[in-house]
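Please read the structure below before turning to the comments.
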Amino acid sequence: MFISYWNTNYLYMKLFSSDQIKTIDKYTIKHEPISSVNLMERASQNIFSKISELCYKGSEFVVVASSGNNGGDGLAVARLLHNAGYSVRVILVQVSGKLSGDCDINFNRLTEIKKIQKDVVKHVSEINFSNREIIIDALFGSGLSRPVEKLALEIVKKINSSGCRVISIDLPSGLFCDDNSGNNPEGIVKADYTLSLQFPKISFFFSENYKYTGEWFVLPIGLHPQIISEEYSPFIYLEDWEIKPLLKKREKFSHKGNFGHALIISGSYGKMGAAVLVSRACMRAGAGLLTSYIPACGYNIMQISSPESMVITDSCQKYVSELPDVAPYSAIGIGPGIGTHELTGEILKKLIESVRVPLIIDADGLNLLAANKKWLRNLPENTILTPHPKEFDRLAGESSTSFERFKRAALFSKRYKTIVVLKGAYTQIFSPDGNCFFNSTGNPGMATGGSGDVLTGIILGLLAQGYKPVNAAKIGVYIHGLSGDMAASITGQYSLTASQIVEYLPSAFKTLV
């Protein structure tokens with residue numbers, strides 16, 4: 001029996017290519033079973049419901065549809081909008097001479113409603129928009145595999161220059177599901193909202209495509225859970241139902257020794273704030289014990305600002321110059337605020353060569369690695385690297401787009417058997433087995449100094465407790481973003497600071513444990 005799609009949030013976990021989506025559609029039609037036109041009707045009902053949420057009751061709509069199934073969705077939505085009392089008209093673009101079967105059925109259903117204006121156009125000059133109308137873009141969906149051209153291109157340009165709000169069905173017309181490096185930017189609709197069917201599309205997660213997708217929503221349409229479960233994808237969208245099962249429960253008779261002893265090597269003159277933030281975040285993430293190894297100038301600062309931390313100071317006043325004994329520790333982090341002095345670099349080199357416990361490298365640690373790339377081949381397997389885009393470019397070479405950087409990061413992770421946490425909107429976590437996880441939490445207010453130090457501390461605290469490195473990265477990134485979201489809900493994004501992310505970590509963990 002088919003599982004009710006209203007209760008299958010776990011189905012959103014995977015991200016699929018356009019060919020895989022076609023396969024999943026066909027399987028659903030055969031095995032639910034359901035006719036393709038009724039599946040289209042189910043999708044259209046959910047699209048209509050979301051549009052009703054986004055737009056006020058007196059809104060006027062113009063549906064721009066073409067001859068394929070995405071056009072069929074648009075025609076069905078037009079009928080539902082009309083039946084609900086909205087003002088709506090339809091422009092059917094004859095990109096090809098023949099309508100798909102389901103598009104034809106929905107066009108015939110529309111012809112029975114005389115009050116809906118229906119224009120079948122063959123030239124862009126036949127199309128006009130009023131700036132009071134909301135355009136529903138139903139030209140092309142996830143099946144598009146080449147840049148739009150000719151009439152379709154001219155219509156996309158006209159939509160983009162109309163000044164109207166735009167809602168795209170499934171994805172903005174002209175945008176490919178994943179790689180858009182060979183696409184024509186002028187041939188992609190710039191939507192205010194994108195209503196994606198069943199799954200987010202991979203292309204949504206890259207900064208260069210934000211100007212096309214606007215704010216996007218995922219709408220369940222009841223695709224069959226069995227084929228979704230069986231169909232392989234290396235791309236996963238992280239949400240709370242993925243993270244909750246990974247968190248370990250604390251036993252009644254636990255003591256601090258059960259939750260590991262972390263070591264963080266951090267700080268330099270003028271950058272002791274990084275050492276404070278990473279240390280406080282590590283303790284908030286549940287580490288049993290933490291030793292902060294810092295330059296001598298930071299002793300008083302650390303003892304006052306992070307009293308839970310044990311402190312060992314280097315013999316050097318302004319930067320760390322010697323590697324401490326690493327034997328007592330269950331996980332080690334290095335990098336926040338350490339600077340790039342030659343002697344500090346030697347610490348990193350020795351640590352890489354000698355460490356036998358999970359390791360996370362961030363910030364100046366990454367910059368030292370970038371300046372000494374031969375050290376990369378000595379990184380212990382499953383070392384976690386947490387670069388922002390520029391830090392990653394220093395490590396792996398310049399990328400012209402975020403999608404190009406995404407591909408480089410996947411190759412880098414496999415080559416060096418490391419876990420790469422590529423920070424930013426939808427932070428991407430790459431594992432050596434080829435999987436990539438896109439994070440769902442976080443907000444632009446977190447683009448502030450010290451935020452990355454907090455993330456390093458969270459992941460280090462989880463590593464110290466015995467979490468597998470890839471799980472520590474997934475949980476850490478998700479919790480970090482969730483805490484930032486909670487903080488921003490109180491402070492707003494403009495005033496959010498890294499310290500506030502630390503302060504909201506208890507609330508973030510509490511929602512998941």
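To be explicit about the labels: the chains of the structure tokens are called A, B, and onward in the order shown, and within each one the residues are counted from 1, while ligands get numbers from 1 in the order they are shown.
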Can you tell me, as an mmCIF file with N, CA, C and O atoms, in the first residue's frame, which residues in stretch 257-393 of chain A count as strand (DSSP E) by DSSP?
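Output below, filename out.cif:
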```
data_model
loop_
_atom_site.group_PDB
_atom_site.id
_atom_site.type_symbol
_atom_site.label_atom_id
_atom_site.label_comp_id
_atom_site.auth_asym_id
_atom_site.auth_seq_id
_atom_site.Cartn_x
_atom_site.Cartn_y
_atom_site.Cartn_z
ATOM 1 N N HIS A 261 38.598 14.118 26.054
ATOM 2 C CA HIS A 261 39.476 15.230 26.415
ATOM 3 C C HIS A 261 40.004 15.832 25.116
ATOM 4 O O HIS A 261 40.782 15.219 24.395
ATOM 5 N N ALA A 262 39.547 17.027 24.796
ATOM 6 C CA ALA A 262 39.934 17.701 23.560
ATOM 7 C C ALA A 262 41.120 18.616 23.798
ATOM 8 O O ALA A 262 41.298 19.171 24.890
ATOM 9 N N LEU A 263 41.916 18.789 22.763
ATOM 10 C CA LEU A 263 43.005 19.763 22.764
ATOM 11 C C LEU A 263 42.761 20.731 21.613
ATOM 12 O O LEU A 263 42.548 20.311 20.469
ATOM 13 N N ILE A 264 42.785 22.026 21.897
ATOM 14 C CA ILE A 264 42.707 23.019 20.837
ATOM 15 C C ILE A 264 43.965 23.882 20.866
ATOM 16 O O ILE A 264 44.341 24.415 21.922
ATOM 17 N N ILE A 265 44.641 23.969 19.756
ATOM 18 C CA ILE A 265 45.821 24.821 19.604
ATOM 19 C C ILE A 265 45.364 26.053 18.850
ATOM 20 O O ILE A 265 44.987 25.981 17.666
ATOM 21 N N LEU A 289 36.348 17.242 28.824
ATOM 22 C CA LEU A 289 37.482 18.069 29.231
ATOM 23 C C LEU A 289 38.048 18.771 28.005
ATOM 24 O O LEU A 289 38.007 18.226 26.889
ATOM 25 N N LEU A 290 38.594 19.948 28.222
ATOM 26 C CA LEU A 290 39.242 20.684 27.136
ATOM 27 C C LEU A 290 40.515 21.325 27.660
ATOM 28 O O LEU A 290 40.508 21.990 28.702
ATOM 29 N N THR A 291 41.595 21.125 26.932
ATOM 30 C CA THR A 291 42.826 21.857 27.183
ATOM 31 C C THR A 291 43.056 22.820 26.022
ATOM 32 O O THR A 291 43.044 22.403 24.857
ATOM 33 N N SER A 292 43.231 24.093 26.355
ATOM 34 C CA SER A 292 43.511 25.111 25.342
ATOM 35 C C SER A 292 45.003 25.429 25.391
ATOM 36 O O SER A 292 45.508 25.890 26.419
ATOM 37 N N TYR A 293 45.683 25.152 24.282
ATOM 38 C CA TYR A 293 47.113 25.447 24.181
ATOM 39 C C TYR A 293 47.265 26.763 23.441
ATOM 40 O O TYR A 293 46.881 26.880 22.266
ATOM 41 N N ILE A 294 47.820 27.778 24.116
ATOM 42 C CA ILE A 294 47.807 29.139 23.602
ATOM 43 C C ILE A 294 49.147 29.818 23.855
ATOM 44 O O ILE A 294 49.945 29.340 24.669
ATOM 45 N N MET A 310 41.010 24.031 30.658
ATOM 46 C CA MET A 310 42.341 23.985 31.239
ATOM 47 C C MET A 310 43.287 24.653 30.247
ATOM 48 O O MET A 310 43.087 24.539 29.030
ATOM 49 N N VAL A 311 44.279 25.361 30.757
ATOM 50 C CA VAL A 311 45.131 26.162 29.882
ATOM 51 C C VAL A 311 46.591 25.747 30.016
ATOM 52 O O VAL A 311 47.105 25.594 31.116
ATOM 53 N N ILE A 312 47.231 25.544 28.875
ATOM 54 C CA ILE A 312 48.686 25.373 28.819
ATOM 55 C C ILE A 312 49.210 26.471 27.907
ATOM 56 O O ILE A 312 48.680 26.695 26.811
ATOM 57 N N THR A 313 50.250 27.179 28.355
ATOM 58 C CA THR A 313 50.798 28.250 27.542
ATOM 59 C C THR A 313 52.125 27.852 26.909
ATOM 60 O O THR A 313 52.923 27.115 27.485
ATOM 61 N N ALA A 331 40.862 13.988 20.848
ATOM 62 C CA ALA A 331 40.661 14.702 19.589
ATOM 63 C C ALA A 331 41.428 16.009 19.671
ATOM 64 O O ALA A 331 41.593 16.587 20.749
ATOM 65 N N ILE A 332 41.896 16.492 18.518
ATOM 66 C CA ILE A 332 42.737 17.685 18.489
ATOM 67 C C ILE A 332 42.249 18.624 17.386
ATOM 68 O O ILE A 332 41.933 18.198 16.272
ATOM 69 N N GLY A 333 42.224 19.912 17.715
ATOM 70 C CA GLY A 333 41.937 20.945 16.731
ATOM 71 C C GLY A 333 43.068 21.947 16.685
ATOM 72 O O GLY A 333 43.743 22.200 17.695
ATOM 73 N N ILE A 334 43.285 22.533 15.521
ATOM 74 C CA ILE A 334 44.339 23.533 15.378
ATOM 75 C C ILE A 334 43.930 24.548 14.328
ATOM 76 O O ILE A 334 43.273 24.206 13.331
ATOM 77 N N LEU A 359 41.417 14.668 13.975
ATOM 78 C CA LEU A 359 42.025 15.982 13.841
ATOM 79 C C LEU A 359 41.126 16.896 13.020
ATOM 80 O O LEU A 359 40.571 16.479 11.990
ATOM 81 N N ILE A 360 40.986 18.149 13.461
ATOM 82 C CA ILE A 360 40.282 19.165 12.682
ATOM 83 C C ILE A 360 41.207 20.364 12.509
ATOM 84 O O ILE A 360 41.851 20.812 13.462
ATOM 85 N N ILE A 361 41.286 20.866 11.266
ATOM 86 C CA ILE A 361 42.157 21.995 10.936
ATOM 87 C C ILE A 361 41.309 23.115 10.352
ATOM 88 O O ILE A 361 40.504 22.900 9.443
ATOM 89 N N ILE A 384 39.401 16.476 9.318
ATOM 90 C CA ILE A 384 38.355 17.423 8.922
ATOM 91 C C ILE A 384 38.995 18.777 8.632
ATOM 92 O O ILE A 384 39.698 19.342 9.471
ATOM 93 N N LEU A 385 38.742 19.297 7.443
ATOM 94 C CA LEU A 385 39.185 20.632 7.042
ATOM 95 C C LEU A 385 37.949 21.513 6.891
ATOM 96 O O LEU A 385 36.959 21.092 6.294
#
```
Show which residues sit within 10 Å of A:Ser431, as a PyMOL selection string. Count only C-alpha atoms, and ignore same-chain residues fewer than 6 positions away.
chain A and resi 234+382+384+409-414+417-421+437+469-470+473
If you keep all heavy atoms, can you produce a file of those selected residues as a compact mmCIF listing (two decimals), in the first residue's frame?
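Done, and the output landed in out26.txt:
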```txt
# COMPACT_ATOMS: atom_id res chain seq x y z
N PRO A 234 24.56 10.36 -4.23
CA PRO A 234 25.60 10.76 -3.27
C PRO A 234 25.30 12.10 -2.61
O PRO A 234 26.06 12.56 -1.75
CB PRO A 234 26.85 10.87 -4.15
CG PRO A 234 26.32 11.28 -5.49
CD PRO A 234 24.98 10.60 -5.62
N ASN A 382 40.50 10.91 7.15
CA ASN A 382 39.31 11.51 7.79
C ASN A 382 39.62 12.74 8.64
O ASN A 382 38.80 13.14 9.48
CB ASN A 382 38.54 10.48 8.62
CG ASN A 382 37.82 9.48 7.74
OD1 ASN A 382 37.20 9.86 6.75
ND2 ASN A 382 37.91 8.21 8.09
N ILE A 384 39.40 16.48 9.32
CA ILE A 384 38.35 17.42 8.92
C ILE A 384 38.99 18.78 8.63
O ILE A 384 39.70 19.34 9.47
CB ILE A 384 37.28 17.57 10.02
CG1 ILE A 384 36.61 16.22 10.29
CG2 ILE A 384 36.24 18.62 9.63
CD1 ILE A 384 35.63 16.25 11.45
N ALA A 409 36.12 20.37 -4.66
CA ALA A 409 36.10 19.90 -3.27
C ALA A 409 35.83 18.40 -3.20
O ALA A 409 36.42 17.69 -2.38
CB ALA A 409 35.05 20.66 -2.48
N ALA A 410 34.94 17.92 -4.06
CA ALA A 410 34.66 16.48 -4.10
C ALA A 410 35.91 15.69 -4.48
O ALA A 410 36.23 14.66 -3.87
CB ALA A 410 33.52 16.19 -5.08
N LEU A 411 36.63 16.17 -5.48
CA LEU A 411 37.86 15.50 -5.90
C LEU A 411 38.95 15.59 -4.83
O LEU A 411 39.68 14.63 -4.58
CB LEU A 411 38.37 16.13 -7.21
CG LEU A 411 37.52 15.86 -8.45
CD1 LEU A 411 38.02 16.70 -9.63
CD2 LEU A 411 37.53 14.39 -8.82
N PHE A 412 39.05 16.75 -4.19
CA PHE A 412 40.04 16.95 -3.13
C PHE A 412 39.79 15.98 -1.98
O PHE A 412 40.72 15.36 -1.45
CB PHE A 412 39.95 18.41 -2.65
CG PHE A 412 40.98 18.80 -1.64
CD1 PHE A 412 42.13 19.47 -2.02
CD2 PHE A 412 40.81 18.52 -0.28
CE1 PHE A 412 43.09 19.85 -1.08
CE2 PHE A 412 41.75 18.88 0.65
CZ PHE A 412 42.90 19.55 0.25
N SER A 413 38.54 15.86 -1.57
CA SER A 413 38.19 14.97 -0.47
C SER A 413 38.58 13.52 -0.79
O SER A 413 39.12 12.82 0.07
CB SER A 413 36.68 15.07 -0.20
OG SER A 413 36.28 14.14 0.78
N LYS A 414 38.30 13.09 -2.01
CA LYS A 414 38.65 11.71 -2.40
C LYS A 414 40.16 11.53 -2.47
O LYS A 414 40.71 10.53 -2.01
CB LYS A 414 38.03 11.39 -3.76
CG LYS A 414 36.53 11.19 -3.74
CD LYS A 414 36.02 10.83 -5.14
CE LYS A 414 34.52 10.64 -5.14
NZ LYS A 414 33.99 10.30 -6.49
N LYS A 417 41.61 11.84 1.10
CA LYS A 417 40.84 11.06 2.08
C LYS A 417 40.50 11.90 3.31
O LYS A 417 40.61 11.45 4.46
CB LYS A 417 41.60 9.78 2.48
CG LYS A 417 41.81 8.83 1.31
CD LYS A 417 42.52 7.55 1.73
CE LYS A 417 42.70 6.63 0.54
NZ LYS A 417 43.42 5.39 0.92
N THR A 418 40.11 13.13 3.04
CA THR A 418 39.74 14.06 4.10
C THR A 418 38.26 14.37 4.03
O THR A 418 37.60 14.16 3.01
CB THR A 418 40.52 15.38 3.96
OG1 THR A 418 40.25 15.94 2.66
CG2 THR A 418 42.00 15.17 4.13
N ILE A 419 37.74 14.91 5.12
CA ILE A 419 36.37 15.44 5.14
C ILE A 419 36.48 16.95 4.99
O ILE A 419 37.11 17.62 5.81
CB ILE A 419 35.65 15.06 6.45
CG1 ILE A 419 35.48 13.54 6.50
CG2 ILE A 419 34.30 15.77 6.55
CD1 ILE A 419 35.17 13.02 7.87
N VAL A 420 35.91 17.46 3.93
CA VAL A 420 35.98 18.89 3.64
C VAL A 420 34.65 19.53 3.97
O VAL A 420 33.61 19.15 3.43
CB VAL A 420 36.34 19.16 2.17
CG1 VAL A 420 36.34 20.66 1.87
CG2 VAL A 420 37.71 18.56 1.83
N VAL A 421 34.68 20.50 4.88
CA VAL A 421 33.49 21.28 5.24
C VAL A 421 33.65 22.63 4.55
O VAL A 421 34.39 23.50 5.02
CB VAL A 421 33.36 21.45 6.76
CG1 VAL A 421 32.16 22.32 7.10
CG2 VAL A 421 33.24 20.08 7.43
N PHE A 437 26.95 16.32 1.61
CA PHE A 437 25.79 16.71 2.41
C PHE A 437 25.64 18.23 2.35
O PHE A 437 26.60 18.96 2.61
CB PHE A 437 25.97 16.25 3.85
CG PHE A 437 26.23 14.78 3.99
CD1 PHE A 437 27.53 14.29 3.93
CD2 PHE A 437 25.19 13.88 4.15
CE1 PHE A 437 27.78 12.92 4.03
CE2 PHE A 437 25.44 12.53 4.26
CZ PHE A 437 26.74 12.04 4.20
N PRO A 469 34.16 10.99 12.48
CA PRO A 469 34.42 12.32 11.91
C PRO A 469 33.34 12.84 10.98
O PRO A 469 32.95 14.01 11.07
CB PRO A 469 35.76 12.12 11.18
CG PRO A 469 36.45 11.08 12.00
CD PRO A 469 35.35 10.13 12.43
N VAL A 470 32.82 12.00 10.09
CA VAL A 470 31.80 12.51 9.16
C VAL A 470 30.53 12.88 9.91
O VAL A 470 29.86 13.88 9.58
CB VAL A 470 31.52 11.50 8.02
CG1 VAL A 470 30.79 10.26 8.53
CG2 VAL A 470 30.73 12.18 6.90
N ALA A 473 31.07 16.15 11.73
CA ALA A 473 30.96 17.28 10.80
C ALA A 473 29.50 17.59 10.48
O ALA A 473 29.08 18.76 10.47
CB ALA A 473 31.74 16.97 9.51
```
Nearest-residue call for A:Gly71, choices A:Ala498, A:Leu195, A:Ile91, A:Ala447, using only C-alpha atoms
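Among the listed residues, A:Ile91 lies closest to A:Gly71.
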Near A:Gly286, counting only C-alpha atoms, which residues have an atom at most 8 Å away, once you skip same-chain residues fewer than 3 positions from it, shown as an NGL selection string?
:A and (259 or 282-283 or 461-462 or 465)
I need the residues from that last selection saved to file as a short mmCIF file (atom, residue, chain, number, x, y, z; two decimals), in the first residue's frame (with N, CA and C atoms), if you can.
```cif
data_model
loop_
_atom_site.label_atom_id
_atom_site.label_comp_id
_atom_site.auth_asym_id
_atom_site.auth_seq_id
_atom_site.Cartn_x
_atom_site.Cartn_y
_atom_site.Cartn_z
N PHE A 259 33.34 11.54 28.13
CA PHE A 259 33.05 12.43 27.02
C PHE A 259 34.28 13.08 26.42
N CYS A 282 33.50 24.41 22.12
CA CYS A 282 33.85 23.01 22.35
C CYS A 282 33.19 22.49 23.62
N MET A 283 33.22 23.28 24.68
CA MET A 283 32.60 22.85 25.93
C MET A 283 31.08 22.81 25.80
N GLY A 461 34.43 19.30 19.88
CA GLY A 461 33.76 18.73 21.05
C GLY A 461 33.10 17.41 20.74
N LEU A 462 32.51 17.30 19.55
CA LEU A 462 31.87 16.05 19.14
C LEU A 462 32.90 14.96 18.87
N GLN A 465 34.10 13.30 21.96
CA GLN A 465 33.14 12.37 22.56
C GLN A 465 33.05 11.04 21.81
#
```
Step one, run DSSP on the backbone; step two, keep only residues of stretch 128-212 of chain A assigned to alpha helix (DSSP H); then write them as number ranges by chain.
A: 150-160, 210-212
Filtering to C-alpha atoms, could you give me those residues as a PDB file, in the first residue's frame?
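Written file, again-v6.pdb:
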```pdb
ATOM      1  CA  LYS A 150      14.547  31.103 -30.355  1.00  0.00           C
ATOM      2  CA  LEU A 151      10.991  31.839 -29.187  1.00  0.00           C
ATOM      3  CA  ALA A 152      11.516  30.390 -25.701  1.00  0.00           C
ATOM      4  CA  LEU A 153      14.615  32.563 -25.202  1.00  0.00           C
ATOM      5  CA  GLU A 154      12.730  35.701 -26.225  1.00  0.00           C
ATOM      6  CA  ILE A 155       9.882  34.879 -23.835  1.00  0.00           C
ATOM      7  CA  VAL A 156      12.286  34.300 -20.937  1.00  0.00           C
ATOM      8  CA  LYS A 157      13.834  37.710 -21.638  1.00  0.00           C
ATOM      9  CA  LYS A 158      10.366  39.296 -21.720  1.00  0.00           C
ATOM     10  CA  ILE A 159       9.425  37.692 -18.387  1.00  0.00           C
ATOM     11  CA  ASN A 160      12.648  38.972 -16.814  1.00  0.00           C
ATOM     12  CA  TYR A 210      20.257  32.373  -6.399  1.00  0.00           C
ATOM     13  CA  LYS A 211      19.322  35.227  -8.728  1.00  0.00           C
ATOM     14  CA  TYR A 212      17.182  32.714 -10.651  1.00  0.00           C
TER      15      TYR A 212
END
```
Could you check the closest approach to A:Ala327 for each of A:His341, A:Arg356, A:Lys510, A:His31 and tell me which residue wins, using only C-alpha atoms?
A:Arg356
